[in-house]
Amino acid sequence: MRIVGKHWRMHKCRNQEGVGSLFPYRPRRRLANPARLGADAEKDSRPPCFPPRPPARRRLRGAVVLIVLAALVVASAVLVSIARLAVADRTAWRAETWRMQASWLAESGLDRAAARLQADADYRGEIWTVAAGDFDGRQGGRITIAVDSVADRPRQRRVRVEADYPDDPHDRARQTREAVLLTNQGESEP
């Protein structure tokens with residue numbers, strides 16, 4: 001009786017206890033001559049029972065599972081690297097945005113110091129805190145202005161501005177500007 005393929009047949013064979021049973025098996029080669037095997041071989045010359053060899057379709061399923069697993073590993077590695085690149089890009093973009101905002105705050109600090117020096121020649125600086133509402137509503141900034149006099153030049157002042165954005169002690173961008181500004185000190189009024 002055929003089960004699968006032209007070589008599969010129901011064949012009576014010996015199991016390990018010597019009792020016959022029906023199992024499908026695929027004949028591989030001829031058995032040895034029963035005359036050489038002795039008296040027991042003449043009684044039962046049927047082939048011993050071997051577990052049936054799995055059909056080729058079953059073996060292919062195992063290979064397909066391995067291929068699918070390998071493809072999933074490669075795809076997840078690619079997705080993880082894309083996610084890391086996206087996070088790194090976002091971090092770089094945020095740092096550049098903060099650096100530009102701190103640069104603008106430093107320029108504003110220089111302008112503020114120049115205006116204050118024009119109004120008051122004895123201006124020595126300040127810490128100017130810009131509220132988050134003045135920006136995009138998320139983070140505020142901090143500008144430190146320091147004014148020193150220049151030796152042998154009574155009308156000149158050295159201004160150093162340090163701008164931090166956002167106003168956070170650890171995670172921030174810092175820009176520094178320095179300039180020498182003239183005051184109205186000592187000028188005669190018209």
# chains A, B, ... in the order shown; residues from 1 in each chain; ligands from 1

$ closest_atom_pairs --of "range 125-160 of chain A" --to "range 91-109 of chain A" --cutoff "8 Å" --atoms "only C-alpha atoms" --output "JSON lines"
{"residue": "A:Gly141", "atom": "CA", "partner": "A:Leu105", "partner_atom": "CA", "distance": 7.7}
{"residue": "A:Ile143", "atom": "CA", "partner": "A:Gly109", "partner_atom": "CA", "distance": 6.5}
{"residue": "A:Thr144", "atom": "CA", "partner": "A:Gly109", "partner_atom": "CA", "distance": 7.9}
{"residue": "A:Ile145", "atom": "CA", "partner": "A:Gly109", "partner_atom": "CA", "distance": 6.8}

$ atom_distance --atom1 "CA of Gln118 in chain A" --atom2 "CA of Gly140 in chain A"
27.1 Å

$ closest_residue --among "A:Val80, A:Val64, A:Ala121, A:Leu72" --to "Leu182 in chain A" --atoms "only C-alpha atoms"
A:Ala121

$ residues_around --residues "Pro154 in chain A" --least-positions-apart "3" --cutoff "12 Å" --atoms "only C-alpha atoms" --output "list in words"
Ala121, Asp122, Asp148, Ser149, Val150, Ala151, Arg157, Arg158, Val180, Leu181, Leu182, Thr183, Asn184, Gln185, Gly186 and Glu187 of chain A
